[in-house]
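Below: one structure, written as structure tokens.
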Amino acid sequence: MRVIIQRVNYASSKVDGTVTGFINKGLLVLAGWEKTDNDEDLEWMSGKIVRLRIFNDEKGLMNLSVQEINGEILVVSQFTLFASTKKGNRPSFIRSAKPDFAIPMYKKFILNLEKELGKLVKTGIFGADMKINLENDGPVTIFIDSRDKE
């Protein structure tokens, strides 16, 4: 499982002009899965995201988590996180999980995040052509891969 986390002042997802998810201060999480991911990856990633200390404290230091600032999370499915660009100029997405596997993982991931955060997590629509609007705060953008637990 791979995610790109962006600290945002606000973020929204739209499908066909309709807002499907909107958050104020918090995290935009772009998430992708491959067929070897499992529930352990989901649990580890959910905990890591909710407890990641990337928000400023009163001294301006990144010491607070999204949970500690009472922030929000918007999750957007992103199969392109597993793009391979080794050959040629057209990316291959062969490592990305197919929808029959990825959709249940996406749903479990959202439930895990809600449990960790203690509130509703907003979402895009899996597999839809979405338009994402955000104001990146910092900017702070972090990449995490569950196969590379540090």
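Starting from 1 in every chain, residues are counted up; chains themselves are A, B, ... following the order of the structure tokens, and ligands are numbered from 1 as listed.
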
task = Write out as number ranges by chain the residues lying within 10 Å of A:Phe109, counting only C-alpha atoms and excluding same-chain residues fewer than 3 positions away.
result = A: 31, 39, 41-43, 45-46, 75, 103-106, 112-115

Please tabulate, as JSON lines, the residues of stretch 69-95 of chain A that come within 12 Å of stretch 132-146 of chain A, each with its closest pair of atoms and the distance in Å to one decimal, counting only C-alpha atoms and ordering rows by chain, then residue number upward.
```
{"residue": "A:Leu74", "atom": "CA", "partner": "A:Ile132", "partner_atom": "CA", "distance": 10.4}
{"residue": "A:Val75", "atom": "CA", "partner": "A:Ile132", "partner_atom": "CA", "distance": 10.8}
{"residue": "A:Val76", "atom": "CA", "partner": "A:Ile132", "partner_atom": "CA", "distance": 8.8}
{"residue": "A:Ser77", "atom": "CA", "partner": "A:Ile132", "partner_atom": "CA", "distance": 11.4}
{"residue": "A:Gln78", "atom": "CA", "partner": "A:Ile132", "partner_atom": "CA", "distance": 11.7}
{"residue": "A:Leu81", "atom": "CA", "partner": "A:Phe143", "partner_atom": "CA", "distance": 9.9}
{"residue": "A:Phe82", "atom": "CA", "partner": "A:Asp145", "partner_atom": "CA", "distance": 10.3}
```

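The residue set within 7 Å of stretch 32-36 of chain A, counting only C-alpha atoms and dropping same-chain residues fewer than 6 places from it, reads Met1, Arg2, Val3, Ser77, Gln78, Phe79, Leu81, Arg95, Ser96, Ala97, Phe101 and Ala102 of chain A.
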
For the residues selected in the previous step, produce a file with N, CA, C and O atoms as a PDB file, in the first residue's frame.
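selection_26.pdb, freshly written:
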```
ATOM      1  N   MET A   1       0.851  -1.176   0.000  1.00  0.00           N
ATOM      2  CA  MET A   1       0.000   0.000   0.000  1.00  0.00           C
ATOM      3  C   MET A   1       0.893   1.233   0.000  1.00  0.00           C
ATOM      4  O   MET A   1       1.885   1.296   0.706  1.00  0.00           O
ATOM      5  N   ARG A   2       0.484   2.181  -0.807  1.00  0.00           N
ATOM      6  CA  ARG A   2       1.212   3.444  -0.886  1.00  0.00           C
ATOM      7  C   ARG A   2       0.256   4.595  -0.684  1.00  0.00           C
ATOM      8  O   ARG A   2      -0.878   4.552  -1.157  1.00  0.00           O
ATOM      9  N   VAL A   3       0.761   5.630  -0.009  1.00  0.00           N
ATOM     10  CA  VAL A   3      -0.023   6.853   0.143  1.00  0.00           C
ATOM     11  C   VAL A   3       0.865   8.063  -0.078  1.00  0.00           C
ATOM     12  O   VAL A   3       2.065   8.025   0.168  1.00  0.00           O
ATOM     13  N   SER A  77      -8.814   7.485  -3.830  1.00  0.00           N
ATOM     14  CA  SER A  77      -8.142   6.320  -4.405  1.00  0.00           C
ATOM     15  C   SER A  77      -7.243   6.771  -5.555  1.00  0.00           C
ATOM     16  O   SER A  77      -7.603   7.664  -6.326  1.00  0.00           O
ATOM     17  N   GLN A  78      -6.071   6.137  -5.663  1.00  0.00           N
ATOM     18  CA  GLN A  78      -5.072   6.613  -6.623  1.00  0.00           C
ATOM     19  C   GLN A  78      -4.238   5.441  -7.132  1.00  0.00           C
ATOM     20  O   GLN A  78      -3.122   5.215  -6.676  1.00  0.00           O
ATOM     21  N   PHE A  79      -4.769   4.689  -8.097  1.00  0.00           N
ATOM     22  CA  PHE A  79      -4.050   3.516  -8.608  1.00  0.00           C
ATOM     23  C   PHE A  79      -2.728   3.875  -9.255  1.00  0.00           C
ATOM     24  O   PHE A  79      -1.815   3.055  -9.337  1.00  0.00           O
ATOM     25  N   LEU A  81      -0.323   5.412  -8.131  1.00  0.00           N
ATOM     26  CA  LEU A  81       0.820   5.395  -7.208  1.00  0.00           C
ATOM     27  C   LEU A  81       1.731   4.193  -7.458  1.00  0.00           C
ATOM     28  O   LEU A  81       2.871   4.178  -7.012  1.00  0.00           O
ATOM     29  N   ARG A  95       1.154  -3.318 -11.514  1.00  0.00           N
ATOM     30  CA  ARG A  95       1.248  -3.622 -10.073  1.00  0.00           C
ATOM     31  C   ARG A  95       0.040  -3.145  -9.283  1.00  0.00           C
ATOM     32  O   ARG A  95      -0.186  -3.592  -8.162  1.00  0.00           O
ATOM     33  N   SER A  96      -0.735  -2.231  -9.847  1.00  0.00           N
ATOM     34  CA  SER A  96      -1.915  -1.722  -9.146  1.00  0.00           C
ATOM     35  C   SER A  96      -2.959  -2.818  -9.012  1.00  0.00           C
ATOM     36  O   SER A  96      -3.217  -3.563  -9.953  1.00  0.00           O
ATOM     37  N   ALA A  97      -3.556  -2.893  -7.824  1.00  0.00           N
ATOM     38  CA  ALA A  97      -4.593  -3.898  -7.586  1.00  0.00           C
ATOM     39  C   ALA A  97      -5.805  -3.619  -8.458  1.00  0.00           C
ATOM     40  O   ALA A  97      -6.177  -2.468  -8.673  1.00  0.00           O
ATOM     41  N   PHE A 101     -10.193  -6.400  -5.826  1.00  0.00           N
ATOM     42  CA  PHE A 101      -9.367  -6.467  -4.621  1.00  0.00           C
ATOM     43  C   PHE A 101      -9.259  -5.089  -3.959  1.00  0.00           C
ATOM     44  O   PHE A 101      -9.353  -4.961  -2.733  1.00  0.00           O
ATOM     45  N   ALA A 102      -9.059  -4.061  -4.765  1.00  0.00           N
ATOM     46  CA  ALA A 102      -8.775  -2.722  -4.235  1.00  0.00           C
ATOM     47  C   ALA A 102      -9.985  -2.074  -3.562  1.00  0.00           C
ATOM     48  O   ALA A 102      -9.821  -1.378  -2.553  1.00  0.00           O
TER      49      ALA A 102
END
```

key: Picked from stretch 39-127 of chain A by DSSP as helix (DSSP H, G or I), as a ChimeraX atom specification   = /A:39-51,79-82,99-117

ask   = Per DSSP on the backbone, what are the strand (DSSP E or B) residues of chain A, as number ranges by chain?
value = A: 2-15, 18-23, 26-32, 34, 55-56, 62-64, 72-77, 84, 92, 96, 122-123, 130-145

inquiry  = I'd like the neighbourhood of A:Ser13 as a list in words, where a residue qualifies if any of its atoms comes within 6 Å (using only C-alpha atoms), though same-chain residues fewer than 5 positions away should be ignored.
reply    = Val19, Thr20, Gly21, Gly124, Lys131 and Ile132 of chain A

Create the file for the chosen residues now, containing N, CA and C atoms and written as an mmCIF file, in the first residue's frame.
```
data_model
loop_
_atom_site.group_PDB
_atom_site.id
_atom_site.type_symbol
_atom_site.label_atom_id
_atom_site.label_comp_id
_atom_site.auth_asym_id
_atom_site.auth_seq_id
_atom_site.Cartn_x
_atom_site.Cartn_y
_atom_site.Cartn_z
ATOM 1 N N VAL A 19 -19.666 17.886 -5.444
ATOM 2 C CA VAL A 19 -18.691 17.649 -4.382
ATOM 3 C C VAL A 19 -19.024 16.331 -3.688
ATOM 4 N N THR A 20 -18.034 15.430 -3.654
ATOM 5 C CA THR A 20 -18.216 14.132 -2.984
ATOM 6 C C THR A 20 -17.565 14.112 -1.609
ATOM 7 N N GLY A 21 -16.606 14.995 -1.395
ATOM 8 C CA GLY A 21 -15.933 15.087 -0.108
ATOM 9 C C GLY A 21 -15.292 16.448 0.047
ATOM 10 N N GLY A 124 -13.466 10.532 -1.885
ATOM 11 C CA GLY A 124 -13.853 10.696 -3.277
ATOM 12 C C GLY A 124 -14.727 9.499 -3.621
ATOM 13 N N LYS A 131 -12.037 15.478 -9.772
ATOM 14 C CA LYS A 131 -11.312 16.744 -9.777
ATOM 15 C C LYS A 131 -11.026 17.067 -8.318
ATOM 16 N N ILE A 132 -9.753 17.226 -8.001
ATOM 17 C CA ILE A 132 -9.337 17.477 -6.623
ATOM 18 C C ILE A 132 -8.882 18.926 -6.516
#
```
